[in-house]
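**Q** After the structure tokens below, expect a handful of questions from me.
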Amino acid sequence: MPELPEVETMRRGVLPVVGSCVKSIHFVASPYKKIRITPRRDVFRHRAVGQRITEIGRLGKRVLLHLENRHTIVIEPRMTGLLLLAEPPDEQHLRVGFQLRGPVPWLWFWDRRGLGSVRLMSERQLAIELGPQRVGPDALAITLDQLHARLRDSRRAIKVALLDQRAIAGVGNLYVSELLHVARIHPEKRCDRLTRNQWSRIHAAMLDVLREAIRYEGSTLSDGTYRNVLNQEGGYQHCHRVYGRPEKPCPRCQNSRVKRIVQAQRSTFFCPRCQRK
DNA sequence: CATATGTCCTGAGAGC
DNA sequence: TGCTCTCAGGACATAT
């Protein structure tokens with residue numbers, strides 16, 4: 001489940017393709033219909049082939065490949081999408097191959113479940129479809145004041161609100177449980193009932209957890225889907241405090257067991273003793 | 001407007 | 001053993 005740390009790891013991993021030229025693009029035939037690829041493949045090729053990759057960016061949970069003609073290839077991994085410089089795990093779930101002229105011959109988009117997307121956008125399209133109205137400030141860049149201003153009046157539970165990418169971009173279901181545990185905030189606590197001090201703890205914990213997870217190159221869960229661009233596992237799953245650990249002792253207080261609840265159809269893990277409502 | 005729910009997708013694992 | 005069923009959660013469409 002690539003969230004900010006995994007996508008940032010992908011971004012850093014594909015930096016070696018900066019300066020390379022797109023030689024050809026292979027849309028793998030059979031699963032093509034199943035993932036969202038826009039525009040049509042001939043138009044996509046016409047606008048991207050022959051272009052140099054000038055820069056690699058990240059917008060929330062998306063990787064951006066900027067081209068010299070000011071178009072951008074927007075890669076959205078969603079649940080199981082991977083960006084690979086190494087040989088993909090199998091042929092079956094290969095979606096797009098970018099053949100490059102440069103030090104690395106191929107950049108692959110591989111996606112087992114096919115919920116991801118690969119889109120080529122003009123500057124204008126990018127500004128509209130993924131502009132500040134649609135994607136909030138990045139979780140690593142947002143200030144405490146910005147975070148506070150954006151969510152302080154919301155009646156939603158803090159866990160649910162932090163997953164809203166329009167409010168703040170990059171936090172997903174795994175890291176929200178982790179950061180709320182570090183901040184000692186109950187996931188069901190309503191935003192409009194949090195004190196300034198609690199917001200401050202959330203902000204600090206968010207930065208700590210995300211930065212630490214990036215250092216470990218993200219989390220590879222037992223389903224094993226997330227891999228870095230060289231098809232290697234991340235390491236942060238060994239550091240998880242609560243996520244995916246129901247009934248295990250809380251790593252902070254030891255006296256309480258991690259509880260699993262469901263909020264907005266998603267699992268939340270927390271320590272009922274350390275994170276009181 | 002804000003918030004809640006439904007939808008897509010595949011394969012791992014549970015349960016029988 | 002081998003089958004069926006549930007569940008995992010990204011973003012977005014639709015409903016309340």
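Residues in the structure tokens are named by chain (A, B, ... in the order shown) and by number from 1 within that chain; ligands are numbered from 1 in the order shown.
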How would you write, as a ChimeraX atom specification, the set of residues in range 36-191 of chain A that DSSP gives as helix (DSSP H, G or I)?
**A** /A:41-48,123-129,144-151,158-162,173-183,191
**Q** Produce a table with one row for each residue of chain A that has an atom at most 7 Å from any atom of chain C, each row naming the nearest atom pair and its distance in Å at one decimal; use only C-alpha atoms (C1' of nucleotides); arrange rows by chain and rising residue number; format as CSV.
**A**
```
residue,atom,partner,partner_atom,distance
A:Arg78,CA,C:DG10,C1',4.0
A:Met79,CA,C:DG10,C1',5.1
A:Arg266,CA,C:DG9,C1',6.9
```
**Q** Write out as a PyMOL selection string the residues lying within 10 Å of DT10 in chain B, counting only C-alpha atoms (C1' of nucleotides) and excluding same-chain residues fewer than 2 positions away.
**A** (chain A and resi 80+112-115) or (chain B and resi 12)
**Q** Set out as a tab-separated table a contact list for chain B and chain A with a cut-off of 9 Å, giving each residue of chain B that qualifies its closest atom pair and distance in Å to one decimal, counting only C-alpha atoms (C1' of nucleotides), ordered by chain and rising residue number.
**A**
```
residue	atom	partner	partner_atom	distance
B:DA2	C1'	A:Ser154	CA	8.4
B:DT3	C1'	A:Arg156	CA	7.7
B:DA4	C1'	A:Ala264	CA	8.0
B:DT5	C1'	A:Ala264	CA	8.3
B:DC8	C1'	A:Leu115	CA	7.0
B:DC9	C1'	A:Arg113	CA	4.9
B:DT10	C1'	A:Arg113	CA	5.0
B:DG11	C1'	A:Arg113	CA	8.7
B:DA12	C1'	A:Asp223	CA	6.9
```
**Q** Measure the distance from CA of Gln99 in chain A to CA of Gly131 in chain A in Å and round it to one decimal.
**A** 29.1 Å
**Q** What's the 9 Å shell around Val242 in chain A, counting only C-alpha atoms (C1' of nucleotides), without same-chain residues fewer than 2 positions away, as a PDB file with N, CA and C atoms, in the first residue's frame?
**A**
```
ATOM      1  N   SER A 177      -2.298   5.161  11.695  1.00  0.00           N
ATOM      2  CA  SER A 177      -2.334   4.435  12.971  1.00  0.00           C
ATOM      3  C   SER A 177      -1.026   4.616  13.734  1.00  0.00           C
ATOM      4  N   GLU A 178       0.081   4.514  13.004  1.00  0.00           N
ATOM      5  CA  GLU A 178       1.387   4.649  13.642  1.00  0.00           C
ATOM      6  C   GLU A 178       1.589   6.034  14.245  1.00  0.00           C
ATOM      7  N   HIS A 181      -0.487   6.755  17.335  1.00  0.00           N
ATOM      8  CA  HIS A 181       0.045   6.067  18.511  1.00  0.00           C
ATOM      9  C   HIS A 181       1.207   6.849  19.113  1.00  0.00           C
ATOM     10  N   HIS A 240       6.823  -1.329  13.065  1.00  0.00           N
ATOM     11  CA  HIS A 240       5.430  -0.966  13.326  1.00  0.00           C
ATOM     12  C   HIS A 240       5.089  -1.158  14.799  1.00  0.00           C
ATOM     13  N   GLY A 244      -1.373  -3.634  12.117  1.00  0.00           N
ATOM     14  CA  GLY A 244      -1.308  -5.068  11.825  1.00  0.00           C
ATOM     15  C   GLY A 244      -0.891  -5.919  13.009  1.00  0.00           C
ATOM     16  N   ARG A 245      -1.032  -5.366  14.230  1.00  0.00           N
ATOM     17  CA  ARG A 245      -0.590  -6.086  15.422  1.00  0.00           C
ATOM     18  C   ARG A 245      -1.702  -6.196  16.464  1.00  0.00           C
ATOM     19  N   PRO A 246      -2.894  -6.637  16.058  1.00  0.00           N
ATOM     20  CA  PRO A 246      -3.981  -6.728  17.039  1.00  0.00           C
ATOM     21  C   PRO A 246      -3.648  -7.720  18.143  1.00  0.00           C
ATOM     22  N   LYS A 248      -1.467  -7.703  20.283  1.00  0.00           N
ATOM     23  CA  LYS A 248      -0.070  -7.703  20.727  1.00  0.00           C
ATOM     24  C   LYS A 248       0.092  -6.634  21.812  1.00  0.00           C
ATOM     25  N   PRO A 249       1.064  -6.811  22.709  1.00  0.00           N
ATOM     26  CA  PRO A 249       1.250  -5.781  23.743  1.00  0.00           C
ATOM     27  C   PRO A 249       1.681  -4.448  23.141  1.00  0.00           C
ATOM     28  N   CYS A 250       1.169  -3.383  23.731  1.00  0.00           N
ATOM     29  CA  CYS A 250       1.541  -2.044  23.267  1.00  0.00           C
ATOM     30  C   CYS A 250       3.026  -1.823  23.530  1.00  0.00           C
ATOM     31  N   PRO A 251       3.785  -1.386  22.535  1.00  0.00           N
ATOM     32  CA  PRO A 251       5.227  -1.208  22.727  1.00  0.00           C
ATOM     33  C   PRO A 251       5.577  -0.088  23.705  1.00  0.00           C
ATOM     34  N   VAL A 258      -2.967  -4.088  21.819  1.00  0.00           N
ATOM     35  CA  VAL A 258      -3.377  -3.278  20.675  1.00  0.00           C
ATOM     36  C   VAL A 258      -4.767  -3.706  20.228  1.00  0.00           C
ATOM     37  N   LYS A 259      -5.609  -2.697  20.002  1.00  0.00           N
ATOM     38  CA  LYS A 259      -6.980  -2.959  19.613  1.00  0.00           C
ATOM     39  C   LYS A 259      -7.182  -2.613  18.142  1.00  0.00           C
ATOM     40  N   THR A 268      -8.272   0.318  11.861  1.00  0.00           N
ATOM     41  CA  THR A 268      -7.460   1.238  12.655  1.00  0.00           C
ATOM     42  C   THR A 268      -6.904   0.448  13.825  1.00  0.00           C
ATOM     43  N   PHE A 269      -5.636   0.653  14.143  1.00  0.00           N
ATOM     44  CA  PHE A 269      -5.011  -0.023  15.277  1.00  0.00           C
ATOM     45  C   PHE A 269      -4.538   1.027  16.270  1.00  0.00           C
ATOM     46  N   PHE A 270      -4.767   0.774  17.556  1.00  0.00           N
ATOM     47  CA  PHE A 270      -4.327   1.740  18.570  1.00  0.00           C
ATOM     48  C   PHE A 270      -4.246   1.062  19.928  1.00  0.00           C
ATOM     49  N   CYS A 271      -3.608   1.779  20.879  1.00  0.00           N
ATOM     50  CA  CYS A 271      -3.536   1.288  22.247  1.00  0.00           C
ATOM     51  C   CYS A 271      -4.575   2.031  23.090  1.00  0.00           C
TER      52      CYS A 271
END
```
**Q** Just give me the gap between CA of Arg134 in chain A and CA of Gln165 in chain A in Å, one decimal is fine.
**A**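 Between CA of Arg134 in chain A and CA of Gln165 in chain A the gap is 7.5 Å.
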**Q** I want to know what sits within 10 Å of range 191-201 of chain A, based on only C-alpha atoms (C1' of nucleotides), with residues of the same chain fewer than 2 positions away left out; could you give that as a PDB file with all heavy atoms, in the first residue's frame?
**A**
```pdb
ATOM      1  N   THR A 143       2.855  23.006   7.648  1.00  0.00           N
ATOM      2  CA  THR A 143       3.215  23.534   8.960  1.00  0.00           C
ATOM      3  C   THR A 143       2.118  23.172   9.967  1.00  0.00           C
ATOM      4  O   THR A 143       1.001  22.823   9.583  1.00  0.00           O
ATOM      5  CB  THR A 143       3.345  25.071   8.926  1.00  0.00           C
ATOM      6  OG1 THR A 143       2.069  25.621   8.603  1.00  0.00           O
ATOM      7  CG2 THR A 143       4.388  25.517   7.908  1.00  0.00           C
ATOM      8  N   LEU A 144       2.457  23.304  11.228  1.00  0.00           N
ATOM      9  CA  LEU A 144       1.461  23.058  12.272  1.00  0.00           C
ATOM     10  C   LEU A 144       0.260  24.000  12.096  1.00  0.00           C
ATOM     11  O   LEU A 144      -0.886  23.570  12.187  1.00  0.00           O
ATOM     12  CB  LEU A 144       2.103  23.253  13.658  1.00  0.00           C
ATOM     13  CG  LEU A 144       1.149  23.249  14.852  1.00  0.00           C
ATOM     14  CD1 LEU A 144       0.336  21.964  14.923  1.00  0.00           C
ATOM     15  CD2 LEU A 144       1.939  23.460  16.149  1.00  0.00           C
ATOM     16  N   ASP A 145       0.534  25.256  11.799  1.00  0.00           N
ATOM     17  CA  ASP A 145      -0.557  26.222  11.624  1.00  0.00           C
ATOM     18  C   ASP A 145      -1.464  25.853  10.450  1.00  0.00           C
ATOM     19  O   ASP A 145      -2.687  25.983  10.543  1.00  0.00           O
ATOM     20  CB  ASP A 145       0.006  27.636  11.416  1.00  0.00           C
ATOM     21  CG  ASP A 145       0.526  28.229  12.722  1.00  0.00           C
ATOM     22  OD1 ASP A 145       0.118  27.735  13.799  1.00  0.00           O
ATOM     23  OD2 ASP A 145       1.327  29.173  12.663  1.00  0.00           O
ATOM     24  N   LEU A 147      -1.923  22.816   9.167  1.00  0.00           N
ATOM     25  CA  LEU A 147      -2.661  21.600   9.531  1.00  0.00           C
ATOM     26  C   LEU A 147      -3.832  21.943  10.445  1.00  0.00           C
ATOM     27  O   LEU A 147      -4.966  21.505  10.229  1.00  0.00           O
ATOM     28  CB  LEU A 147      -1.707  20.614  10.226  1.00  0.00           C
ATOM     29  CG  LEU A 147      -2.322  19.303  10.716  1.00  0.00           C
ATOM     30  CD1 LEU A 147      -2.737  18.423   9.548  1.00  0.00           C
ATOM     31  CD2 LEU A 147      -1.343  18.549  11.613  1.00  0.00           C
ATOM     32  N   HIS A 148      -3.531  22.748  11.436  1.00  0.00           N
ATOM     33  CA  HIS A 148      -4.527  23.171  12.410  1.00  0.00           C
ATOM     34  C   HIS A 148      -5.671  23.916  11.728  1.00  0.00           C
ATOM     35  O   HIS A 148      -6.848  23.590  11.918  1.00  0.00           O
ATOM     36  CB  HIS A 148      -3.827  24.076  13.442  1.00  0.00           C
ATOM     37  CG  HIS A 148      -4.657  24.366  14.643  1.00  0.00           C
ATOM     38  ND1 HIS A 148      -4.649  25.580  15.275  1.00  0.00           N
ATOM     39  CD2 HIS A 148      -5.523  23.598  15.333  1.00  0.00           C
ATOM     40  CE1 HIS A 148      -5.480  25.556  16.305  1.00  0.00           C
ATOM     41  NE2 HIS A 148      -6.021  24.349  16.363  1.00  0.00           N
ATOM     42  N   LEU A 151      -8.017  21.578   9.568  1.00  0.00           N
ATOM     43  CA  LEU A 151      -8.845  20.514  10.145  1.00  0.00           C
ATOM     44  C   LEU A 151      -9.519  20.852  11.476  1.00  0.00           C
ATOM     45  O   LEU A 151     -10.343  20.088  11.956  1.00  0.00           O
ATOM     46  CB  LEU A 151      -7.998  19.231  10.301  1.00  0.00           C
ATOM     47  CG  LEU A 151      -7.565  18.554   8.991  1.00  0.00           C
ATOM     48  CD1 LEU A 151      -6.672  17.354   9.280  1.00  0.00           C
ATOM     49  CD2 LEU A 151      -8.765  18.120   8.159  1.00  0.00           C
ATOM     50  N   ARG A 152      -9.171  21.981  12.047  1.00  0.00           N
ATOM     51  CA  ARG A 152      -9.646  22.270  13.413  1.00  0.00           C
ATOM     52  C   ARG A 152     -11.164  22.302  13.541  1.00  0.00           C
ATOM     53  O   ARG A 152     -11.714  21.987  14.595  1.00  0.00           O
ATOM     54  CB  ARG A 152      -9.059  23.579  13.947  1.00  0.00           C
ATOM     55  CG  ARG A 152      -9.477  24.801  13.156  1.00  0.00           C
ATOM     56  CD  ARG A 152      -8.887  26.071  13.751  1.00  0.00           C
ATOM     57  NE  ARG A 152      -9.380  26.292  15.113  1.00  0.00           N
ATOM     58  CZ  ARG A 152      -8.911  27.217  15.947  1.00  0.00           C
ATOM     59  NH1 ARG A 152      -7.918  27.987  15.542  1.00  0.00           N
ATOM     60  NH2 ARG A 152      -9.409  27.360  17.137  1.00  0.00           N
ATOM     61  N   ASP A 153     -11.865  22.682  12.464  1.00  0.00           N
ATOM     62  CA  ASP A 153     -13.325  22.788  12.550  1.00  0.00           C
ATOM     63  C   ASP A 153     -14.061  21.549  12.059  1.00  0.00           C
ATOM     64  O   ASP A 153     -15.289  21.509  12.077  1.00  0.00           O
ATOM     65  CB  ASP A 153     -13.805  24.014  11.759  1.00  0.00           C
ATOM     66  CG  ASP A 153     -13.293  25.315  12.368  1.00  0.00           C
ATOM     67  OD1 ASP A 153     -13.136  25.360  13.611  1.00  0.00           O
ATOM     68  OD2 ASP A 153     -13.030  26.264  11.609  1.00  0.00           O
ATOM     69  N   SER A 154     -13.306  20.560  11.594  1.00  0.00           N
ATOM     70  CA  SER A 154     -13.954  19.360  11.065  1.00  0.00           C
ATOM     71  C   SER A 154     -14.564  18.535  12.198  1.00  0.00           C
ATOM     72  O   SER A 154     -13.988  18.426  13.278  1.00  0.00           O
ATOM     73  CB  SER A 154     -12.940  18.514  10.294  1.00  0.00           C
ATOM     74  OG  SER A 154     -13.520  17.287   9.923  1.00  0.00           O
ATOM     75  N   ARG A 155     -15.707  17.939  11.893  1.00  0.00           N
ATOM     76  CA  ARG A 155     -16.346  17.082  12.904  1.00  0.00           C
ATOM     77  C   ARG A 155     -15.946  15.619  12.736  1.00  0.00           C
ATOM     78  O   ARG A 155     -16.373  14.758  13.493  1.00  0.00           O
ATOM     79  CB  ARG A 155     -17.869  17.222  12.804  1.00  0.00           C
ATOM     80  CG  ARG A 155     -18.330  18.628  13.167  1.00  0.00           C
ATOM     81  CD  ARG A 155     -19.745  18.605  13.704  1.00  0.00           C
ATOM     82  NE  ARG A 155     -20.714  18.389  12.634  1.00  0.00           N
ATOM     83  CZ  ARG A 155     -21.411  19.380  12.068  1.00  0.00           C
ATOM     84  NH1 ARG A 155     -21.242  20.621  12.469  1.00  0.00           N
ATOM     85  NH2 ARG A 155     -22.290  19.122  11.137  1.00  0.00           N
ATOM     86  N   ARG A 156     -15.133  15.368  11.739  1.00  0.00           N
ATOM     87  CA  ARG A 156     -14.714  13.979  11.504  1.00  0.00           C
ATOM     88  C   ARG A 156     -13.724  13.513  12.574  1.00  0.00           C
ATOM     89  O   ARG A 156     -13.048  14.307  13.228  1.00  0.00           O
ATOM     90  CB  ARG A 156     -14.031  13.867  10.139  1.00  0.00           C
ATOM     91  CG  ARG A 156     -14.967  13.978   8.984  1.00  0.00           C
ATOM     92  CD  ARG A 156     -14.222  13.948   7.664  1.00  0.00           C
ATOM     93  NE  ARG A 156     -13.391  15.122   7.482  1.00  0.00           N
ATOM     94  CZ  ARG A 156     -12.624  15.332   6.418  1.00  0.00           C
ATOM     95  NH1 ARG A 156     -12.584  14.436   5.463  1.00  0.00           N
ATOM     96  NH2 ARG A 156     -11.900  16.425   6.318  1.00  0.00           N
ATOM     97  N   ALA A 157     -13.617  12.193  12.697  1.00  0.00           N
ATOM     98  CA  ALA A 157     -12.591  11.601  13.555  1.00  0.00           C
ATOM     99  C   ALA A 157     -11.227  11.944  12.974  1.00  0.00           C
ATOM    100  O   ALA A 157     -11.056  11.981  11.747  1.00  0.00           O
ATOM    101  CB  ALA A 157     -12.767  10.087  13.619  1.00  0.00           C
ATOM    102  N   ILE A 158     -10.249  12.174  13.848  1.00  0.00           N
ATOM    103  CA  ILE A 158      -8.911  12.569  13.388  1.00  0.00           C
ATOM    104  C   ILE A 158      -8.317  11.548  12.413  1.00  0.00           C
ATOM    105  O   ILE A 158      -7.709  11.921  11.402  1.00  0.00           O
ATOM    106  CB  ILE A 158      -7.964  12.828  14.599  1.00  0.00           C
ATOM    107  CG1 ILE A 158      -6.569  13.247  14.134  1.00  0.00           C
ATOM    108  CG2 ILE A 158      -7.871  11.635  15.538  1.00  0.00           C
ATOM    109  CD1 ILE A 158      -6.512  14.544  13.373  1.00  0.00           C
ATOM    110  N   LYS A 159      -8.528  10.272  12.684  1.00  0.00           N
ATOM    111  CA  LYS A 159      -7.998   9.230  11.791  1.00  0.00           C
ATOM    112  C   LYS A 159      -8.542   9.371  10.378  1.00  0.00           C
ATOM    113  O   LYS A 159      -7.817   9.292   9.390  1.00  0.00           O
ATOM    114  CB  LYS A 159      -8.329   7.851  12.372  1.00  0.00           C
ATOM    115  CG  LYS A 159      -8.703   6.727  11.398  1.00  0.00           C
ATOM    116  CD  LYS A 159      -7.562   6.111  10.710  1.00  0.00           C
ATOM    117  CE  LYS A 159      -7.745   5.118   9.613  1.00  0.00           C
ATOM    118  NZ  LYS A 159      -8.480   3.975   9.595  1.00  0.00           N
ATOM    119  N   VAL A 160      -9.856   9.624  10.287  1.00  0.00           N
ATOM    120  CA  VAL A 160     -10.505   9.747   8.979  1.00  0.00           C
ATOM    121  C   VAL A 160     -10.055  11.033   8.279  1.00  0.00           C
ATOM    122  O   VAL A 160      -9.751  11.037   7.086  1.00  0.00           O
ATOM    123  CB  VAL A 160     -12.038   9.702   9.141  1.00  0.00           C
ATOM    124  CG1 VAL A 160     -12.737   9.946   7.812  1.00  0.00           C
ATOM    125  CG2 VAL A 160     -12.466   8.357   9.730  1.00  0.00           C
ATOM    126  N   ALA A 161      -9.964  12.115   9.034  1.00  0.00           N
ATOM    127  CA  ALA A 161      -9.600  13.409   8.449  1.00  0.00           C
ATOM    128  C   ALA A 161      -8.182  13.399   7.870  1.00  0.00           C
ATOM    129  O   ALA A 161      -7.933  13.992   6.820  1.00  0.00           O
ATOM    130  CB  ALA A 161      -9.743  14.514   9.490  1.00  0.00           C
ATOM    131  N   LEU A 162      -7.262  12.727   8.565  1.00  0.00           N
ATOM    132  CA  LEU A 162      -5.873  12.710   8.087  1.00  0.00           C
ATOM    133  C   LEU A 162      -5.712  11.910   6.800  1.00  0.00           C
ATOM    134  O   LEU A 162      -4.694  12.017   6.113  1.00  0.00           O
ATOM    135  CB  LEU A 162      -4.939  12.160   9.171  1.00  0.00           C
ATOM    136  CG  LEU A 162      -4.687  13.084  10.361  1.00  0.00           C
ATOM    137  CD1 LEU A 162      -3.889  12.365  11.441  1.00  0.00           C
ATOM    138  CD2 LEU A 162      -3.959  14.366   9.936  1.00  0.00           C
ATOM    139  N   LEU A 179       1.249   7.047  13.483  1.00  0.00           N
ATOM    140  CA  LEU A 179       1.531   8.407  13.976  1.00  0.00           C
ATOM    141  C   LEU A 179       0.604   8.797  15.122  1.00  0.00           C
ATOM    142  O   LEU A 179       1.026   9.502  16.044  1.00  0.00           O
ATOM    143  CB  LEU A 179       1.495   9.419  12.825  1.00  0.00           C
ATOM    144  CG  LEU A 179       0.184   9.930  12.262  1.00  0.00           C
ATOM    145  CD1 LEU A 179      -0.341  11.142  13.007  1.00  0.00           C
ATOM    146  CD2 LEU A 179       0.362  10.276  10.795  1.00  0.00           C
ATOM    147  N   LEU A 180      -0.635   8.309  15.101  1.00  0.00           N
ATOM    148  CA  LEU A 180      -1.534   8.624  16.217  1.00  0.00           C
ATOM    149  C   LEU A 180      -1.096   7.903  17.492  1.00  0.00           C
ATOM    150  O   LEU A 180      -1.297   8.409  18.597  1.00  0.00           O
ATOM    151  CB  LEU A 180      -2.983   8.290  15.859  1.00  0.00           C
ATOM    152  CG  LEU A 180      -3.634   9.236  14.845  1.00  0.00           C
ATOM    153  CD1 LEU A 180      -5.019   8.740  14.455  1.00  0.00           C
ATOM    154  CD2 LEU A 180      -3.708  10.672  15.375  1.00  0.00           C
ATOM    155  N   VAL A 182       2.104   7.323  18.245  1.00  0.00           N
ATOM    156  CA  VAL A 182       3.229   8.128  18.727  1.00  0.00           C
ATOM    157  C   VAL A 182       2.720   9.417  19.383  1.00  0.00           C
ATOM    158  O   VAL A 182       3.225   9.842  20.420  1.00  0.00           O
ATOM    159  CB  VAL A 182       4.214   8.448  17.573  1.00  0.00           C
ATOM    160  CG1 VAL A 182       5.288   9.441  18.020  1.00  0.00           C
ATOM    161  CG2 VAL A 182       4.862   7.163  17.065  1.00  0.00           C
ATOM    162  N   ALA A 183       1.682  10.011  18.788  1.00  0.00           N
ATOM    163  CA  ALA A 183       1.137  11.269  19.320  1.00  0.00           C
ATOM    164  C   ALA A 183       0.242  11.051  20.543  1.00  0.00           C
ATOM    165  O   ALA A 183      -0.146  12.015  21.203  1.00  0.00           O
ATOM    166  CB  ALA A 183       0.354  11.994  18.234  1.00  0.00           C
ATOM    167  N   ARG A 184      -0.090   9.808  20.825  1.00  0.00           N
ATOM    168  CA  ARG A 184      -0.969   9.437  21.941  1.00  0.00           C
ATOM    169  C   ARG A 184      -2.365  10.072  21.803  1.00  0.00           C
ATOM    170  O   ARG A 184      -2.887  10.661  22.743  1.00  0.00           O
ATOM    171  CB  ARG A 184      -0.332   9.800  23.294  1.00  0.00           C
ATOM    172  CG  ARG A 184       1.089   9.271  23.440  1.00  0.00           C
ATOM    173  CD  ARG A 184       1.664   9.453  24.837  1.00  0.00           C
ATOM    174  NE  ARG A 184       1.349  10.717  25.466  1.00  0.00           N
ATOM    175  CZ  ARG A 184       2.010  11.864  25.296  1.00  0.00           C
ATOM    176  NH1 ARG A 184       3.041  11.919  24.483  1.00  0.00           N
ATOM    177  NH2 ARG A 184       1.639  12.946  25.945  1.00  0.00           N
ATOM    178  N   ILE A 185      -2.907   9.946  20.607  1.00  0.00           N
ATOM    179  CA  ILE A 185      -4.238  10.484  20.326  1.00  0.00           C
ATOM    180  C   ILE A 185      -5.161   9.345  19.913  1.00  0.00           C
ATOM    181  O   ILE A 185      -4.802   8.537  19.051  1.00  0.00           O
ATOM    182  CB  ILE A 185      -4.180  11.515  19.162  1.00  0.00           C
ATOM    183  CG1 ILE A 185      -3.210  12.656  19.476  1.00  0.00           C
ATOM    184  CG2 ILE A 185      -5.575  12.032  18.821  1.00  0.00           C
ATOM    185  CD1 ILE A 185      -3.628  13.577  20.590  1.00  0.00           C
ATOM    186  N   PRO A 187      -7.811   7.495  17.871  1.00  0.00           N
ATOM    187  CA  PRO A 187      -8.165   7.692  16.455  1.00  0.00           C
ATOM    188  C   PRO A 187      -9.598   8.177  16.225  1.00  0.00           C
ATOM    189  O   PRO A 187      -9.906   8.758  15.181  1.00  0.00           O
ATOM    190  CB  PRO A 187      -7.961   6.308  15.828  1.00  0.00           C
ATOM    191  CG  PRO A 187      -7.932   5.344  16.973  1.00  0.00           C
ATOM    192  CD  PRO A 187      -7.391   6.111  18.135  1.00  0.00           C
ATOM    193  N   GLU A 188     -10.488   7.936  17.185  1.00  0.00           N
ATOM    194  CA  GLU A 188     -11.877   8.371  17.024  1.00  0.00           C
ATOM    195  C   GLU A 188     -12.133   9.780  17.545  1.00  0.00           C
ATOM    196  O   GLU A 188     -13.247  10.288  17.457  1.00  0.00           O
ATOM    197  CB  GLU A 188     -12.827   7.385  17.723  1.00  0.00           C
ATOM    198  CG  GLU A 188     -12.916   6.061  16.986  1.00  0.00           C
ATOM    199  CD  GLU A 188     -13.821   5.059  17.685  1.00  0.00           C
ATOM    200  OE1 GLU A 188     -13.647   4.865  18.905  1.00  0.00           O
ATOM    201  OE2 GLU A 188     -14.677   4.489  17.008  1.00  0.00           O
ATOM    202  N   LYS A 189     -11.102  10.397  18.097  1.00  0.00           N
ATOM    203  CA  LYS A 189     -11.255  11.765  18.618  1.00  0.00           C
ATOM    204  C   LYS A 189     -11.642  12.721  17.496  1.00  0.00           C
ATOM    205  O   LYS A 189     -11.002  12.736  16.443  1.00  0.00           O
ATOM    206  CB  LYS A 189      -9.922  12.205  19.241  1.00  0.00           C
ATOM    207  CG  LYS A 189      -9.963  13.532  19.938  1.00  0.00           C
ATOM    208  CD  LYS A 189     -10.397  13.404  21.356  1.00  0.00           C
ATOM    209  CE  LYS A 189     -10.405  14.775  22.039  1.00  0.00           C
ATOM    210  NZ  LYS A 189     -10.970  14.677  23.398  1.00  0.00           N
ATOM    211  N   HIS A 203       1.257  16.746  14.648  1.00  0.00           N
ATOM    212  CA  HIS A 203       2.146  17.272  13.610  1.00  0.00           C
ATOM    213  C   HIS A 203       3.570  16.736  13.780  1.00  0.00           C
ATOM    214  O   HIS A 203       4.192  16.255  12.825  1.00  0.00           O
ATOM    215  CB  HIS A 203       2.126  18.812  13.671  1.00  0.00           C
ATOM    216  CG  HIS A 203       2.965  19.465  12.623  1.00  0.00           C
ATOM    217  ND1 HIS A 203       4.208  19.997  12.889  1.00  0.00           N
ATOM    218  CD2 HIS A 203       2.761  19.630  11.291  1.00  0.00           C
ATOM    219  CE1 HIS A 203       4.717  20.482  11.768  1.00  0.00           C
ATOM    220  NE2 HIS A 203       3.864  20.286  10.788  1.00  0.00           N
ATOM    221  N   ALA A 204       4.054  16.797  15.002  1.00  0.00           N
ATOM    222  CA  ALA A 204       5.425  16.327  15.266  1.00  0.00           C
ATOM    223  C   ALA A 204       5.548  14.821  15.016  1.00  0.00           C
ATOM    224  O   ALA A 204       6.517  14.353  14.402  1.00  0.00           O
ATOM    225  CB  ALA A 204       5.822  16.669  16.706  1.00  0.00           C
ATOM    226  N   ALA A 205       4.549  14.073  15.483  1.00  0.00           N
ATOM    227  CA  ALA A 205       4.596  12.609  15.314  1.00  0.00           C
ATOM    228  C   ALA A 205       4.521  12.231  13.842  1.00  0.00           C
ATOM    229  O   ALA A 205       5.185  11.292  13.386  1.00  0.00           O
ATOM    230  CB  ALA A 205       3.445  11.963  16.087  1.00  0.00           C
ATOM    231  N   MET A 206       3.721  12.973  13.103  1.00  0.00           N
ATOM    232  CA  MET A 206       3.596  12.697  11.671  1.00  0.00           C
ATOM    233  C   MET A 206       4.947  12.838  10.978  1.00  0.00           C
ATOM    234  O   MET A 206       5.372  11.949  10.225  1.00  0.00           O
ATOM    235  CB  MET A 206       2.573  13.661  11.053  1.00  0.00           C
ATOM    236  CG  MET A 206       2.365  13.491   9.580  1.00  0.00           C
ATOM    237  SD  MET A 206       0.983  14.484   9.010  1.00  0.00           S
ATOM    238  CE  MET A 206       1.701  16.119   9.063  1.00  0.00           C
TER     239      MET A 206
END
```
**Q** Within 8 Å of range 14-28 of chain A, counting only C-alpha atoms (C1' of nucleotides), which residues show up once you throw out same-chain ones fewer than 6 positions away? Write them as a PyMOL selection string, please.
**A** chain A and resi 41+45+48-56+83-85+94-104+229
**Q** Please provide as an MDAnalysis selection string all residues within 6 Å of range 58-64 of chain A, with the sequence filter that same-chain residues fewer than 5 positions apart are discarded (counting only C-alpha atoms (C1' of nucleotides)).
**A** chainID A and resid 3:4 7 73:76 138 169:170
**Q** Please produce an output containing C-alpha atoms for each residue in the selection, written as a tab-separated table (two decimals), in the first residue's frame.
**A**
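Printed below is out_19.tsv as written:
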```tsv
chain	number	residue	atom	x	y	z
A	3	GLU	CA	1.84	5.81	1.03
A	4	LEU	CA	4.15	8.79	1.26
A	7	VAL	CA	6.24	6.67	-2.95
A	73	ILE	CA	3.83	11.38	-16.70
A	74	VAL	CA	1.80	10.90	-13.52
A	75	ILE	CA	2.14	7.48	-11.95
A	76	GLU	CA	-0.33	6.49	-9.28
A	138	ASP	CA	2.39	17.57	1.46
A	169	ALA	CA	-1.43	14.73	1.07
A	170	GLY	CA	0.54	11.56	1.64
```
